Amino acid sequence: MEPAAAPRWLTADQQSAWRKLITLVELLPGILDTQLQRDAELTHYEYFTLAMLSEAPDQTLRMTDLATATNASLPRLSHVISRLEKRGFVDREPCAEDRRAINARLTDSGWQKVVATAPGHVAAVRDAVIDPLDAADLRDLDRILAKILARTNPRS
């Protein structure tokens, strides 16, 4: 049996970057949820789900595709879609191409909710993430996040 390799501890610079990243990962959802709850009575994930449907052809996606687009499990998405259905923002219907599949479709009321909510959400995103960066920072952030997501997100 070979001896276990020694741990590869983080350097001071790596530890500093890691702590900043994990702090952002922990704080940002609360910032976005707070704004959306206050202004639109939606969670960030509910808004993200509505936004993904608003951008889809015919404002309709298969549930499996919507789960992929929103980085969620099907059970989590199904629960959220049920809440959005009760509020009249989304309908579920059988998929015309595959009767075994279910589509989620944004209703007119859901579209109106996205249109009314988007400006405040974009303002919160700009304030928290975009505006502190200059153009070079934004390109670097995009490049860096693409590298991390290529390693961590099986869907990317």
# chains A, B, ... in the order shown; residues from 1 in each chain; ligands from 1
$ residues_around --residues "Cys95 in chain A" --least-positions-apart "3" --cutoff "10 Å" --atoms "only C-alpha atoms" --output "list in words"
Thr60, Leu61, Arg62, Met63, Arg92, Asp98, Arg99, Arg100, Ala101, Ile102, Asn103 and Ala104 of chain A
$ residues_around --residues "Arg83 in chain A" --least-positions-apart "3" --cutoff "12 Å" --atoms "only C-alpha atoms" --output "number ranges by chain"
A: 42-43, 45-47, 49-50, 76-80, 86-92
$ write_last_selection --atoms "C-alpha atoms" --output "JSON list (two decimals), in the first residue's frame"
[["chain", "number", "residue", "atom", "x", "y", "z"],
["A", 42, "LEU", "CA", -40.46, 36.20, -6.00],
["A", 43, "THR", "CA", -37.41, 34.23, -4.97],
["A", 45, "TYR", "CA", -34.89, 30.96, -8.42],
["A", 46, "GLU", "CA", -38.55, 31.67, -9.26],
["A", 47, "TYR", "CA", -37.51, 34.76, -11.23],
["A", 49, "THR", "CA", -37.18, 30.16, -13.98],
["A", 50, "LEU", "CA", -39.60, 32.74, -15.39],
["A", 76, "ARG", "CA", -36.89, 21.17, -7.15],
["A", 77, "LEU", "CA", -38.08, 22.59, -10.46],
["A", 78, "SER", "CA", -41.40, 20.75, -10.25],
["A", 79, "HIS", "CA", -42.00, 22.22, -6.78],
["A", 80, "VAL", "CA", -41.22, 25.75, -8.01],
["A", 86, "LYS", "CA", -50.79, 28.63, -8.47],
["A", 87, "ARG", "CA", -49.91, 32.29, -9.06],
["A", 88, "GLY", "CA", -50.91, 32.05, -12.74],
["A", 89, "PHE", "CA", -47.41, 32.68, -14.12],
["A", 90, "VAL", "CA", -46.82, 29.25, -15.70],
["A", 91, "ASP", "CA", -48.85, 26.41, -17.20],
["A", 92, "ARG", "CA", -47.80, 22.79, -17.61]]
$ residues_around --residues "range 22-34 of chain A" --least-positions-apart "2" --cutoff "8 Å" --atoms "only C-alpha atoms" --output "PyMOL selection string"
chain A and resi 18-20+36-38+42-44+121+124-125+128
$ write_last_selection --atoms "C-alpha atoms" --output "CSV table (one decimal), in the first residue's frame"
chain,number,residue,atom,x,y,z
A,18,TRP,CA,-10.9,31.3,-2.2
A,19,ARG,CA,-12.3,33.2,0.8
A,20,LYS,CA,-13.4,36.1,-1.4
A,36,LEU,CA,-36.8,40.2,-5.6
A,37,GLN,CA,-38.9,39.4,-2.5
A,38,ARG,CA,-39.2,43.1,-1.7
A,42,LEU,CA,-40.5,36.2,-6.0
A,43,THR,CA,-37.4,34.2,-5.0
A,44,HIS,CA,-34.4,34.5,-7.2
A,121,HIS,CA,-33.4,42.8,-10.8
A,124,ALA,CA,-29.5,44.9,-8.2
A,125,VAL,CA,-27.1,42.7,-10.4
A,128,ALA,CA,-23.7,44.1,-6.7
$ select_by_dssp --residues "range 12-151 of chain A" --states "strand (DSSP E or B)" --output "list in words"
Thr60, Leu61, Arg62, Val90, Asp91, Arg92, Glu93, Pro94, Ile102, Asn103, Ala104, Arg105 and Leu106 of chain A
$ closest_residue --among "A:Leu106, A:Leu10, A:Ala123, A:Ala4" --to "Met52 in chain A" --atoms "only C-alpha atoms"
A:Leu106
$ closest_residue --among "A:Ala40, A:Ala136, A:Leu66, A:Leu84" --to "Thr107 in chain A" --atoms "only C-alpha atoms"
A:Leu84
$ atom_distance --atom1 "CA of Lys147 in chain A" --atom2 "CA of Gln14 in chain A"
15.9 Å
